[in-house]
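Enquirer: Dropping in final32.txt, with compact mmCIF, C-alpha atoms.
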```
# COMPACT_ATOMS: atom_id res chain seq x y z
CA MET A 1 -9.48 16.54 -29.47
CA LYS A 2 -10.22 13.14 -27.97
CA ALA A 3 -7.50 10.90 -26.65
CA LYS A 4 -7.97 7.31 -25.65
CA VAL A 5 -5.54 5.84 -23.14
CA THR A 6 -5.48 2.04 -23.01
CA VAL A 7 -3.93 0.65 -19.84
CA MET A 8 -2.96 -3.03 -19.72
CA PRO A 9 -1.21 -5.21 -17.16
CA LYS A 10 2.41 -5.69 -18.23
CA ALA A 11 3.52 -9.02 -19.59
CA GLY A 12 4.61 -11.17 -16.66
CA VAL A 13 2.34 -9.39 -14.18
CA LEU A 14 -0.33 -11.69 -12.82
CA ASP A 15 -3.75 -10.77 -14.18
CA PRO A 16 -6.22 -12.75 -12.09
CA GLN A 17 -9.12 -10.82 -13.58
CA GLY A 18 -8.15 -11.84 -17.10
CA LYS A 19 -7.69 -15.41 -15.92
CA ALA A 20 -11.15 -15.47 -14.35
CA ILE A 21 -12.71 -14.10 -17.55
CA GLY A 22 -10.89 -16.84 -19.50
CA HIS A 23 -12.26 -19.51 -17.16
CA ALA A 24 -15.78 -18.09 -17.48
CA LEU A 25 -15.54 -18.07 -21.29
CA ALA A 26 -14.41 -21.70 -21.28
CA GLY A 27 -17.32 -22.51 -18.97
CA LEU A 28 -19.70 -20.91 -21.46
CA GLY A 29 -18.41 -23.23 -24.16
CA PHE A 30 -16.21 -20.80 -26.09
CA ALA A 31 -13.40 -23.07 -27.16
CA GLY A 32 -10.03 -21.96 -28.44
CA VAL A 33 -9.55 -18.96 -26.18
CA GLY A 34 -5.91 -18.64 -25.15
CA GLU A 35 -4.67 -16.13 -22.64
CA VAL A 36 -7.11 -13.38 -21.64
CA ARG A 37 -5.83 -10.05 -20.33
CA ALA A 38 -8.10 -7.39 -18.84
CA GLY A 39 -7.17 -3.71 -18.78
CA LYS A 40 -8.99 -0.41 -18.92
CA VAL A 41 -9.66 2.38 -21.37
CA ILE A 42 -9.77 6.02 -20.33
CA GLU A 43 -11.19 8.59 -22.74
CA LEU A 44 -10.01 12.16 -22.40
CA GLU A 45 -11.48 15.22 -24.04
CA LEU A 46 -8.58 17.61 -24.51
CA ALA A 47 -8.64 21.32 -25.32
CA GLU A 48 -5.40 20.86 -27.27
CA THR A 49 -5.94 20.74 -31.06
CA ASP A 50 -2.42 19.88 -32.18
CA PRO A 51 -2.20 16.06 -32.41
CA ALA A 52 1.46 15.83 -31.42
CA LYS A 53 0.93 18.03 -28.37
CA ALA A 54 -2.29 16.24 -27.43
CA ARG A 55 -0.50 12.90 -27.58
CA ALA A 56 2.37 14.20 -25.46
CA GLU A 57 -0.13 15.56 -22.94
CA ALA A 58 -2.05 12.29 -22.72
CA GLU A 59 1.18 10.34 -22.35
CA ALA A 60 2.27 12.59 -19.51
CA MET A 61 -1.08 12.03 -17.78
CA ALA A 62 -0.73 8.28 -18.25
CA ARG A 63 2.75 8.25 -16.74
CA LYS A 64 1.78 10.47 -13.82
CA LEU A 65 -1.59 8.99 -12.88
CA LEU A 66 -3.56 6.88 -15.34
CA ALA A 67 -1.15 3.95 -15.42
CA ASN A 68 1.16 2.57 -12.76
CA THR A 69 4.17 1.75 -14.89
CA VAL A 70 5.45 -0.71 -12.29
CA ILE A 71 2.65 -3.08 -13.29
CA GLU A 72 0.94 -1.56 -16.31
CA SER A 73 1.79 -0.44 -19.83
CA PHE A 74 -0.24 2.10 -21.76
CA SER A 75 -0.87 3.27 -25.29
CA VAL A 76 -2.48 6.47 -26.55
CA THR A 77 -4.67 6.84 -29.62
CA LEU A 78 -6.22 10.09 -30.87
CA ASP A 79 -9.59 10.61 -32.60
CA MET B 1 6.15 11.02 20.21
CA GLN B 2 3.76 13.20 18.27
CA ALA B 3 1.96 11.30 15.55
CA ALA B 4 -0.22 12.66 12.77
CA ILE B 5 -2.84 10.49 11.07
CA VAL B 6 -3.92 11.57 7.60
CA MET B 7 -7.52 11.07 6.51
CA PHE B 8 -8.77 10.88 2.96
CA PRO B 9 -12.34 10.57 1.71
CA GLY B 10 -13.05 6.87 2.30
CA THR B 11 -10.51 6.34 5.09
CA ASN B 12 -12.17 4.22 7.77
CA ARG B 13 -9.47 2.94 10.12
CA GLU B 14 -8.27 6.22 11.59
CA ARG B 15 -10.01 5.75 14.95
CA ASP B 16 -8.46 2.36 15.64
CA MET B 17 -5.08 3.75 14.62
CA ALA B 18 -5.55 6.77 16.91
CA LEU B 19 -6.43 4.49 19.84
CA ALA B 20 -3.41 2.28 19.21
CA LEU B 21 -1.09 5.29 19.08
CA GLN B 22 -2.65 6.89 22.14
CA ARG B 23 -2.36 3.65 24.08
CA ALA B 24 1.34 3.45 23.24
CA THR B 25 2.28 7.10 23.66
CA GLY B 26 -0.28 8.57 26.04
CA ARG B 27 -0.81 11.37 23.53
CA LYS B 28 -3.61 11.93 21.11
CA PRO B 29 -2.36 11.93 17.54
CA ALA B 30 -3.21 14.88 15.32
CA ILE B 31 -5.75 14.07 12.63
CA LEU B 32 -5.06 15.73 9.29
CA TRP B 33 -7.16 16.06 6.16
CA HIS B 34 -5.88 15.23 2.68
CA ARG B 35 -6.29 18.86 1.63
CA ASP B 36 -3.93 20.07 4.35
CA THR B 37 -0.65 21.21 2.89
CA GLU B 38 1.62 20.96 5.92
CA LEU B 39 2.23 18.73 8.90
CA PRO B 40 1.93 20.14 12.44
CA ALA B 41 5.26 21.39 13.79
CA GLY B 42 6.95 18.70 15.85
CA THR B 43 5.43 15.75 14.02
CA ASP B 44 7.55 12.62 14.61
CA LEU B 45 5.44 10.07 12.78
CA VAL B 46 2.98 10.30 9.91
CA VAL B 47 0.45 7.48 9.65
CA LEU B 48 -1.59 6.64 6.57
CA PRO B 49 -4.37 4.39 7.88
CA GLY B 50 -6.52 1.83 6.12
CA GLY B 51 -9.75 2.28 4.26
CA PHE B 52 -10.90 2.74 0.72
CA SER B 53 -9.69 6.21 -0.16
CA TYR B 54 -11.50 7.71 -3.13
CA GLY B 55 -13.48 4.48 -3.46
CA ASP B 56 -10.34 2.71 -4.75
CA TYR B 57 -11.00 4.44 -8.09
CA LEU B 58 -8.43 3.87 -10.83
CA ARG B 59 -6.11 1.88 -8.52
CA CYS B 60 -6.08 1.53 -4.73
CA GLY B 61 -4.24 4.53 -3.30
CA ALA B 62 -3.63 6.18 -6.69
CA MET B 63 -5.79 9.25 -6.06
CA ALA B 64 -4.62 9.69 -2.47
CA ALA B 65 -1.02 9.58 -3.67
CA GLN B 66 -1.69 12.76 -5.68
CA SER B 67 -3.44 14.70 -2.92
CA PRO B 68 -2.05 17.99 -1.50
CA ILE B 69 -0.81 16.53 1.83
CA MET B 70 1.41 14.06 -0.04
CA ARG B 71 3.87 16.77 -1.00
CA ALA B 72 4.41 17.52 2.70
CA ILE B 73 4.76 13.80 3.44
CA HIS B 74 7.37 13.44 0.67
CA GLU B 75 9.34 16.31 2.20
CA PHE B 76 8.96 14.86 5.70
CA ALA B 77 10.19 11.45 4.55
CA GLY B 78 13.01 13.14 2.63
CA ARG B 79 14.16 14.80 5.86
CA GLY B 80 14.27 11.39 7.53
CA GLY B 81 10.80 11.47 9.09
CA HIS B 82 9.07 8.22 10.02
CA VAL B 83 6.02 7.18 8.01
CA LEU B 84 3.77 4.18 8.61
CA GLY B 85 1.27 3.03 5.98
CA VAL B 86 -1.19 0.26 6.79
CA CYS B 87 -3.36 -1.47 4.21
CA ASN B 88 -4.68 1.34 2.01
CA GLY B 89 -1.86 3.43 3.50
CA PHE B 90 0.69 0.91 2.15
CA GLN B 91 -1.01 1.12 -1.25
CA MET B 92 -0.66 4.93 -1.09
CA LEU B 93 3.04 4.68 -0.23
CA VAL B 94 3.82 2.55 -3.28
CA GLU B 95 1.63 4.71 -5.53
CA ALA B 96 3.41 7.80 -4.21
CA GLY B 97 6.80 6.22 -4.89
CA LEU B 98 7.86 6.26 -1.24
CA LEU B 99 8.19 2.48 -1.37
CA PRO B 100 8.90 0.30 -4.42
CA GLY B 101 6.58 -2.20 -6.08
CA ALA B 102 2.81 -2.37 -6.29
CA LEU B 103 -0.11 -4.15 -4.67
CA LEU B 104 -2.11 -6.26 -7.09
CA ARG B 105 -5.50 -7.87 -6.74
CA ASN B 106 -5.30 -10.85 -4.37
CA ALA B 107 -4.28 -13.94 -6.34
CA SER B 108 -7.52 -15.67 -5.30
CA LEU B 109 -9.55 -12.66 -6.57
CA ARG B 110 -11.27 -12.74 -3.17
CA PHE B 111 -11.42 -10.00 -0.59
CA LEU B 112 -9.62 -11.48 2.40
CA SER B 113 -11.01 -10.70 5.83
CA MET B 114 -9.20 -12.94 8.30
CA ASP B 115 -6.32 -13.16 10.70
CA CYS B 116 -2.83 -13.85 9.45
CA HIS B 117 0.57 -14.29 11.03
CA MET B 118 3.68 -12.33 10.18
CA ARG B 119 7.31 -13.13 10.93
CA VAL B 120 9.48 -10.20 11.94
CA GLU B 121 12.58 -10.19 9.73
CA ARG B 122 14.58 -7.43 11.41
CA THR B 123 14.31 -5.64 14.71
CA ASP B 124 16.74 -2.74 14.39
CA THR B 125 14.05 -0.33 13.21
CA ALA B 126 11.77 2.09 15.04
CA PHE B 127 8.81 -0.03 13.98
CA THR B 128 10.05 -3.44 15.04
CA GLY B 129 12.39 -2.75 17.98
CA ARG B 130 10.07 -4.30 20.54
CA PHE B 131 9.82 -7.60 18.67
CA GLN B 132 12.37 -10.42 18.66
CA ARG B 133 13.93 -11.40 15.36
CA GLY B 134 11.90 -14.25 13.91
CA GLN B 135 9.01 -13.53 16.26
CA VAL B 136 5.60 -14.25 14.82
CA PHE B 137 2.64 -12.06 15.61
CA ARG B 138 -0.96 -12.17 14.61
CA ALA B 139 -2.81 -9.38 12.82
CA THR B 140 -6.00 -9.01 10.86
CA MET B 141 -5.99 -8.60 7.12
CA ALA B 142 -8.90 -6.98 5.33
CA HIS B 143 -8.07 -6.23 1.74
CA GLY B 144 -8.85 -7.04 -1.87
CA ASP B 145 -5.55 -5.79 -3.27
CA GLY B 146 -2.70 -6.91 -1.06
CA ASN B 147 -0.71 -9.08 -3.42
CA TYR B 148 2.74 -7.50 -3.27
CA PHE B 149 4.47 -7.34 -6.63
CA ALA B 150 7.82 -6.01 -7.79
CA ASP B 151 10.13 -7.12 -10.58
CA GLU B 152 12.76 -9.72 -9.71
CA ALA B 153 15.58 -7.16 -9.58
CA THR B 154 13.64 -5.03 -7.08
CA LEU B 155 12.76 -8.07 -4.98
CA ASP B 156 16.41 -9.14 -4.94
CA ARG B 157 17.46 -5.64 -3.92
CA LEU B 158 14.85 -5.55 -1.11
CA GLU B 159 16.10 -8.91 0.17
CA GLY B 160 19.76 -8.01 -0.27
CA GLU B 161 19.40 -4.74 1.62
CA GLY B 162 17.27 -6.36 4.32
CA LEU B 163 14.26 -4.19 3.56
CA VAL B 164 11.68 -6.93 3.91
CA ALA B 165 10.37 -6.20 7.41
CA LEU B 166 7.55 -8.72 7.64
CA ARG B 167 6.64 -11.95 5.88
CA TYR B 168 3.45 -13.97 5.93
CA ALA B 169 4.12 -17.13 7.88
CA THR B 170 2.40 -19.89 9.81
CA ALA B 171 1.80 -19.39 13.53
CA ASP B 172 5.07 -21.25 14.20
CA GLY B 173 7.08 -19.11 11.81
CA GLN B 174 7.21 -21.21 8.64
CA VAL B 175 7.13 -19.09 5.50
CA THR B 176 4.85 -21.26 3.36
CA GLU B 177 2.68 -20.78 0.33
CA ALA B 178 -0.42 -21.65 2.37
CA ALA B 179 0.36 -18.82 4.81
CA ASN B 180 0.59 -16.38 1.91
CA ARG B 181 -3.11 -15.91 1.35
CA ASN B 182 -2.99 -12.96 -1.02
CA GLY B 183 -0.22 -14.37 -3.22
CA SER B 184 2.46 -11.77 -2.40
CA ALA B 185 5.89 -12.16 -3.99
CA ARG B 186 8.20 -14.00 -1.57
CA ASN B 187 5.52 -13.84 1.16
CA ILE B 188 6.18 -10.13 1.62
CA ALA B 189 3.75 -8.51 4.05
CA GLY B 190 5.69 -5.35 4.85
CA ILE B 191 8.67 -3.46 3.43
CA LEU B 192 10.95 -0.66 4.56
CA SER B 193 12.56 2.29 2.80
CA PRO B 194 16.39 2.18 2.51
CA ASN B 195 16.73 4.48 5.58
CA LEU B 196 14.38 2.11 7.50
CA ARG B 197 12.05 5.01 8.33
CA VAL B 198 9.13 4.27 6.04
CA LEU B 199 7.19 1.06 6.64
CA GLY B 200 4.24 -0.20 4.62
CA LEU B 201 2.30 -3.33 5.51
CA MET B 202 -1.05 -4.77 4.49
CA PRO B 203 -2.37 -6.37 7.75
CA HIS B 204 -3.70 -4.22 10.58
CA PRO B 205 -1.55 -4.32 13.74
CA GLU B 206 -3.82 -1.63 15.25
CA ASN B 207 -6.55 -4.28 15.58
CA GLN B 208 -4.70 -6.09 18.34
CA VAL B 209 -3.74 -3.52 20.98
CA ASP B 210 -6.28 -4.16 23.74
CA PRO B 211 -6.17 -7.25 25.98
CA LEU B 212 -9.96 -7.21 26.20
CA ILE B 213 -10.47 -6.98 22.44
CA ASP B 214 -8.59 -9.69 20.55
CA GLY B 215 -5.29 -9.44 22.39
CA THR B 216 -2.20 -7.30 22.11
CA ASP B 217 -0.16 -8.89 19.32
CA GLY B 218 0.12 -5.57 17.49
CA LEU B 219 1.03 -3.46 20.50
CA PRO B 220 4.84 -3.94 20.29
CA LEU B 221 4.85 -2.11 16.96
CA PHE B 222 3.28 0.99 18.51
CA ALA B 223 5.18 0.70 21.79
CA GLY B 224 8.40 0.38 19.81
CA LEU B 225 7.62 3.52 17.84
CA ALA B 226 6.78 5.42 21.02
CA GLU B 227 10.08 4.36 22.55
CA ALA B 228 12.21 5.00 19.47
CA LEU B 229 10.65 8.38 18.69
CA ALA B 230 10.36 9.66 22.27
CA PRO B 231 11.93 13.08 22.81
CA ALA B 232 15.58 12.68 23.80
```
Now that the file is in, can you turn its structure into structure tokens?
Expert:
Amino acid sequence: MKAKVTVMPKAGVLDPQGKAIGHALAGLGFAGVGEVRAGKVIELELAETDPAKARAEAEAMARKLLANTVIESFSVTLD
Amino acid sequence: MQAAIVMFPGTNRERDMALALQRATGRKPAILWHRDTELPAGTDLVVLPGGFSYGDYLRCGAMAAQSPIMRAIHEFAGRGGHVLGVCNGFQMLVEAGLLPGALLRNASLRFLSMDCHMRVERTDTAFTGRFQRGQVFRATMAHGDGNYFADEATLDRLEGEGLVALRYATADGQVTEAANRNGSARNIAGILSPNLRVLGLMPHPENQVDPLIDGTDGLPLFAGLAEALAPA
């Protein structure tokens, strides 16, 4: 079973990378872009076949290592 | 004082740190590997030096914080042992939960390789005992992710409990925005654990310990440790 962990900077945490991307988009002439936030996606191939257990496992991994919950939030989706 | 420096794949400041410690104590520090599972008997100080452990993958210090030696360092700190983390070592300490907060990308998005000045906020610690309160000393910063962040409640607690050890300042001790090159919350350059025995800071005091090579601004930190942690 595949799990996808999306890690994003928390609201209120400075995201200079997102800001720089926003500036670059404006420079390229893309108008109407508001705030840009940049995060990361981590794909995990899990041996677990039970969706509830796989989700719990991926969430535990996110809390322990994949995300730093001081500055980042995460969400898990399963394929 | 017996110090132990821990190396990780990608650590690159262990030699300078070893020289600084040896200069202050007259003893060679032990050099440990991240896969080691215990500290040498009689260790008084554990040092996590700078570098780019594990290529800064995922987040700076995140991988190192999960390595086998960290369990021993947690236990050592829990027993009241002294731990110093510089630059990447500071990032490891926050990732390992030994200090609060996090180190974000520099606000300018630029890697900063330059000297900075820090104001010493308290001197009743093993790390800062040889400085005067309010003294400013120069050190070199070399980091891309040194922008100290914590939520407001944590920052207030750090300030309230006097756990901010060092602040970015001008050479004459003014804590200004211009002196805060990486954008750290409240100009924080270094913080202490509640028992004052764990210190993390981004700049490199080990760069300035030799009068012939860029002066001795950083030496009081190491001399202070040697004095405070000398066998009774």
Enquirer: Quick one: which residues from chain A are at most 8 Å off chain B, using only C-alpha atoms, as an NGL selection string?
Expert: :A and (14 or 16-17 or 65-66 or 68 or 70-71)
Enquirer: Fewer than 2 positions away in the same chain doesn't count, so skip those; otherwise give me all residues within 12 Å of B:Gly78, counting only C-alpha atoms, as a list in words.
Expert: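 Near B:Gly78, the qualifying residues are Met70, Arg71, Ala72, Ile73, His74, Glu75, Phe76, Gly80, Gly81, His82, Val83, Gly97, Leu98, Ser193, Pro194, Asn195, Arg197 and Val198 of chain B.
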Enquirer: One decimal, Å: what's the distance from atom CA of B:Leu39 over to atom CA of B:Phe8, could you say?
Expert: 14.8 Å
Enquirer: Residues around (-6.9, 4.8, -25.3), cut-off 9 Å, counting only C-alpha atoms - what are they as a list in words?
Expert: Ala3, Lys4, Val5, Thr6, Val7, Lys40, Val41, Ile42, Glu43, Leu44, Phe74, Ser75, Val76, Thr77 and Leu78 of chain A
Enquirer: Those same residues, written as a PDB file, in the coordinates of the input with C-alpha atoms?
Expert:
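As written to disk, selection-v5.pdb reads:
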```pdb
ATOM      1  CA  ALA A   3      -7.500  10.900 -26.650  1.00  0.00           C
ATOM      2  CA  LYS A   4      -7.970   7.310 -25.650  1.00  0.00           C
ATOM      3  CA  VAL A   5      -5.540   5.840 -23.140  1.00  0.00           C
ATOM      4  CA  THR A   6      -5.480   2.040 -23.010  1.00  0.00           C
ATOM      5  CA  VAL A   7      -3.930   0.650 -19.840  1.00  0.00           C
ATOM      6  CA  LYS A  40      -8.990  -0.410 -18.920  1.00  0.00           C
ATOM      7  CA  VAL A  41      -9.660   2.380 -21.370  1.00  0.00           C
ATOM      8  CA  ILE A  42      -9.770   6.020 -20.330  1.00  0.00           C
ATOM      9  CA  GLU A  43     -11.190   8.590 -22.740  1.00  0.00           C
ATOM     10  CA  LEU A  44     -10.010  12.160 -22.400  1.00  0.00           C
ATOM     11  CA  PHE A  74      -0.240   2.100 -21.760  1.00  0.00           C
ATOM     12  CA  SER A  75      -0.870   3.270 -25.290  1.00  0.00           C
ATOM     13  CA  VAL A  76      -2.480   6.470 -26.550  1.00  0.00           C
ATOM     14  CA  THR A  77      -4.670   6.840 -29.620  1.00  0.00           C
ATOM     15  CA  LEU A  78      -6.220  10.090 -30.870  1.00  0.00           C
TER      16      LEU A  78
END
```
Enquirer: Please, what distance in Å, to one decimal, runs between atom CA of B:Phe52 and atom CA of B:Asn88?
Expert: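 These two atoms are separated by 6.5 Å.
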Enquirer: Would you compute the distance between atom CA of B:Leu112 and atom CA of B:Asn187? Give it in Å to one decimal.
Expert: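 Separation between atom CA of B:Leu112 and atom CA of B:Asn187: 15.4 Å.
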Enquirer: Extract stretch 49-77 of chain A from the structure I just pasted (atoms: N, CA, C and O atoms) and return it as a PDB file, in the first residue's frame.
Expert:
```
ATOM      1  N   THR A  49      -1.354  -3.786   4.556  1.00  0.00           N
ATOM      2  CA  THR A  49      -2.428  -3.762   3.561  1.00  0.00           C
ATOM      3  C   THR A  49      -3.741  -3.220   4.127  1.00  0.00           C
ATOM      4  O   THR A  49      -4.648  -2.896   3.376  1.00  0.00           O
ATOM      5  N   ASP A  50      -3.816  -3.113   5.439  1.00  0.00           N
ATOM      6  CA  ASP A  50      -5.020  -2.558   6.057  1.00  0.00           C
ATOM      7  C   ASP A  50      -4.934  -1.030   6.048  1.00  0.00           C
ATOM      8  O   ASP A  50      -3.991  -0.459   6.613  1.00  0.00           O
ATOM      9  N   PRO A  51      -5.882  -0.349   5.391  1.00  0.00           N
ATOM     10  CA  PRO A  51      -5.766   1.115   5.240  1.00  0.00           C
ATOM     11  C   PRO A  51      -5.669   1.853   6.569  1.00  0.00           C
ATOM     12  O   PRO A  51      -4.850   2.780   6.700  1.00  0.00           O
ATOM     13  N   ALA A  52      -6.448   1.452   7.551  1.00  0.00           N
ATOM     14  CA  ALA A  52      -6.434   2.177   8.821  1.00  0.00           C
ATOM     15  C   ALA A  52      -5.071   2.039   9.494  1.00  0.00           C
ATOM     16  O   ALA A  52      -4.507   3.010  10.022  1.00  0.00           O
ATOM     17  N   LYS A  53      -4.522   0.809   9.436  1.00  0.00           N
ATOM     18  CA  LYS A  53      -3.214   0.585  10.060  1.00  0.00           C
ATOM     19  C   LYS A  53      -2.112   1.309   9.286  1.00  0.00           C
ATOM     20  O   LYS A  53      -1.177   1.861   9.874  1.00  0.00           O
ATOM     21  N   ALA A  54      -2.231   1.279   7.955  1.00  0.00           N
ATOM     22  CA  ALA A  54      -1.220   1.944   7.123  1.00  0.00           C
ATOM     23  C   ALA A  54      -1.216   3.441   7.417  1.00  0.00           C
ATOM     24  O   ALA A  54      -0.160   4.070   7.543  1.00  0.00           O
ATOM     25  N   ARG A  55      -2.411   4.007   7.555  1.00  0.00           N
ATOM     26  CA  ARG A  55      -2.497   5.443   7.854  1.00  0.00           C
ATOM     27  C   ARG A  55      -1.865   5.755   9.215  1.00  0.00           C
ATOM     28  O   ARG A  55      -1.082   6.685   9.359  1.00  0.00           O
ATOM     29  N   ALA A  56      -2.188   4.907  10.192  1.00  0.00           N
ATOM     30  CA  ALA A  56      -1.643   5.127  11.537  1.00  0.00           C
ATOM     31  C   ALA A  56      -0.114   5.042  11.511  1.00  0.00           C
ATOM     32  O   ALA A  56       0.580   5.834  12.163  1.00  0.00           O
ATOM     33  N   GLU A  57       0.384   4.082  10.716  1.00  0.00           N
ATOM     34  CA  GLU A  57       1.834   3.903  10.614  1.00  0.00           C
ATOM     35  C   GLU A  57       2.488   5.144   9.984  1.00  0.00           C
ATOM     36  O   GLU A  57       3.483   5.671  10.491  1.00  0.00           O
ATOM     37  N   ALA A  58       1.900   5.598   8.888  1.00  0.00           N
ATOM     38  CA  ALA A  58       2.461   6.764   8.188  1.00  0.00           C
ATOM     39  C   ALA A  58       2.394   8.000   9.073  1.00  0.00           C
ATOM     40  O   ALA A  58       3.319   8.827   9.086  1.00  0.00           O
ATOM     41  N   GLU A  59       1.324   8.119   9.842  1.00  0.00           N
ATOM     42  CA  GLU A  59       1.206   9.278  10.742  1.00  0.00           C
ATOM     43  C   GLU A  59       2.269   9.224  11.842  1.00  0.00           C
ATOM     44  O   GLU A  59       2.848  10.244  12.201  1.00  0.00           O
ATOM     45  N   ALA A  60       2.532   8.014  12.327  1.00  0.00           N
ATOM     46  CA  ALA A  60       3.567   7.872  13.349  1.00  0.00           C
ATOM     47  C   ALA A  60       4.931   8.261  12.775  1.00  0.00           C
ATOM     48  O   ALA A  60       5.735   8.936  13.432  1.00  0.00           O
ATOM     49  N   MET A  61       5.187   7.843  11.538  1.00  0.00           N
ATOM     50  CA  MET A  61       6.466   8.194  10.892  1.00  0.00           C
ATOM     51  C   MET A  61       6.580   9.698  10.709  1.00  0.00           C
ATOM     52  O   MET A  61       7.645  10.286  10.890  1.00  0.00           O
ATOM     53  N   ALA A  62       5.465  10.317  10.336  1.00  0.00           N
ATOM     54  CA  ALA A  62       5.466  11.770  10.120  1.00  0.00           C
ATOM     55  C   ALA A  62       5.778  12.494  11.418  1.00  0.00           C
ATOM     56  O   ALA A  62       6.579  13.427  11.452  1.00  0.00           O
ATOM     57  N   ARG A  63       5.133  12.044  12.504  1.00  0.00           N
ATOM     58  CA  ARG A  63       5.349  12.710  13.795  1.00  0.00           C
ATOM     59  C   ARG A  63       6.781  12.525  14.286  1.00  0.00           C
ATOM     60  O   ARG A  63       7.381  13.420  14.844  1.00  0.00           O
ATOM     61  N   LYS A  64       7.323  11.318  14.042  1.00  0.00           N
ATOM     62  CA  LYS A  64       8.645  11.000  14.594  1.00  0.00           C
ATOM     63  C   LYS A  64       9.779  11.602  13.757  1.00  0.00           C
ATOM     64  O   LYS A  64      10.799  12.020  14.278  1.00  0.00           O
ATOM     65  N   LEU A  65       9.604  11.626  12.434  1.00  0.00           N
ATOM     66  CA  LEU A  65      10.742  12.035  11.596  1.00  0.00           C
ATOM     67  C   LEU A  65      10.370  12.936  10.418  1.00  0.00           C
ATOM     68  O   LEU A  65      11.032  13.939  10.178  1.00  0.00           O
ATOM     69  N   LEU A  66       9.330  12.567   9.679  1.00  0.00           N
ATOM     70  CA  LEU A  66       9.113  13.227   8.379  1.00  0.00           C
ATOM     71  C   LEU A  66       8.754  14.697   8.513  1.00  0.00           C
ATOM     72  O   LEU A  66       9.115  15.501   7.662  1.00  0.00           O
ATOM     73  N   ALA A  67       8.033  15.039   9.570  1.00  0.00           N
ATOM     74  CA  ALA A  67       7.686  16.443   9.796  1.00  0.00           C
ATOM     75  C   ALA A  67       8.244  16.877  11.141  1.00  0.00           C
ATOM     76  O   ALA A  67       8.362  16.074  12.059  1.00  0.00           O
ATOM     77  N   ASN A  68       8.603  18.132  11.241  1.00  0.00           N
ATOM     78  CA  ASN A  68       8.952  18.717  12.535  1.00  0.00           C
ATOM     79  C   ASN A  68       7.731  19.524  12.948  1.00  0.00           C
ATOM     80  O   ASN A  68       7.483  20.604  12.410  1.00  0.00           O
ATOM     81  N   THR A  69       6.978  18.991  13.898  1.00  0.00           N
ATOM     82  CA  THR A  69       5.668  19.594  14.193  1.00  0.00           C
ATOM     83  C   THR A  69       5.785  20.944  14.911  1.00  0.00           C
ATOM     84  O   THR A  69       4.781  21.596  15.144  1.00  0.00           O
ATOM     85  N   VAL A  70       7.002  21.358  15.228  1.00  0.00           N
ATOM     86  CA  VAL A  70       7.186  22.719  15.747  1.00  0.00           C
ATOM     87  C   VAL A  70       6.902  23.733  14.631  1.00  0.00           C
ATOM     88  O   VAL A  70       6.355  24.797  14.859  1.00  0.00           O
ATOM     89  N   ILE A  71       7.285  23.357  13.413  1.00  0.00           N
ATOM     90  CA  ILE A  71       7.193  24.311  12.294  1.00  0.00           C
ATOM     91  C   ILE A  71       6.365  23.803  11.122  1.00  0.00           C
ATOM     92  O   ILE A  71       6.056  24.566  10.210  1.00  0.00           O
ATOM     93  N   GLU A  72       6.032  22.505  11.138  1.00  0.00           N
ATOM     94  CA  GLU A  72       5.364  21.928   9.969  1.00  0.00           C
ATOM     95  C   GLU A  72       4.108  21.156  10.373  1.00  0.00           C
ATOM     96  O   GLU A  72       4.044  20.570  11.442  1.00  0.00           O
ATOM     97  N   SER A  73       3.129  21.161   9.476  1.00  0.00           N
ATOM     98  CA  SER A  73       1.973  20.285   9.651  1.00  0.00           C
ATOM     99  C   SER A  73       2.047  19.235   8.551  1.00  0.00           C
ATOM    100  O   SER A  73       2.767  19.402   7.569  1.00  0.00           O
ATOM    101  N   PHE A  74       1.330  18.137   8.742  1.00  0.00           N
ATOM    102  CA  PHE A  74       1.384  17.092   7.709  1.00  0.00           C
ATOM    103  C   PHE A  74       0.001  16.499   7.497  1.00  0.00           C
ATOM    104  O   PHE A  74      -0.882  16.605   8.353  1.00  0.00           O
ATOM    105  N   SER A  75      -0.173  15.891   6.326  1.00  0.00           N
ATOM    106  CA  SER A  75      -1.391  15.124   6.077  1.00  0.00           C
ATOM    107  C   SER A  75      -1.002  13.861   5.337  1.00  0.00           C
ATOM    108  O   SER A  75       0.021  13.822   4.641  1.00  0.00           O
ATOM    109  N   VAL A  76      -1.779  12.803   5.523  1.00  0.00           N
ATOM    110  CA  VAL A  76      -1.474  11.504   4.926  1.00  0.00           C
ATOM    111  C   VAL A  76      -2.609  11.120   3.993  1.00  0.00           C
ATOM    112  O   VAL A  76      -3.785  11.206   4.364  1.00  0.00           O
ATOM    113  N   THR A  77      -2.270  10.732   2.774  1.00  0.00           N
ATOM    114  CA  THR A  77      -3.275  10.141   1.881  1.00  0.00           C
ATOM    115  C   THR A  77      -2.782   8.766   1.456  1.00  0.00           C
ATOM    116  O   THR A  77      -1.571   8.523   1.383  1.00  0.00           O
TER     117      THR A  77
END
```
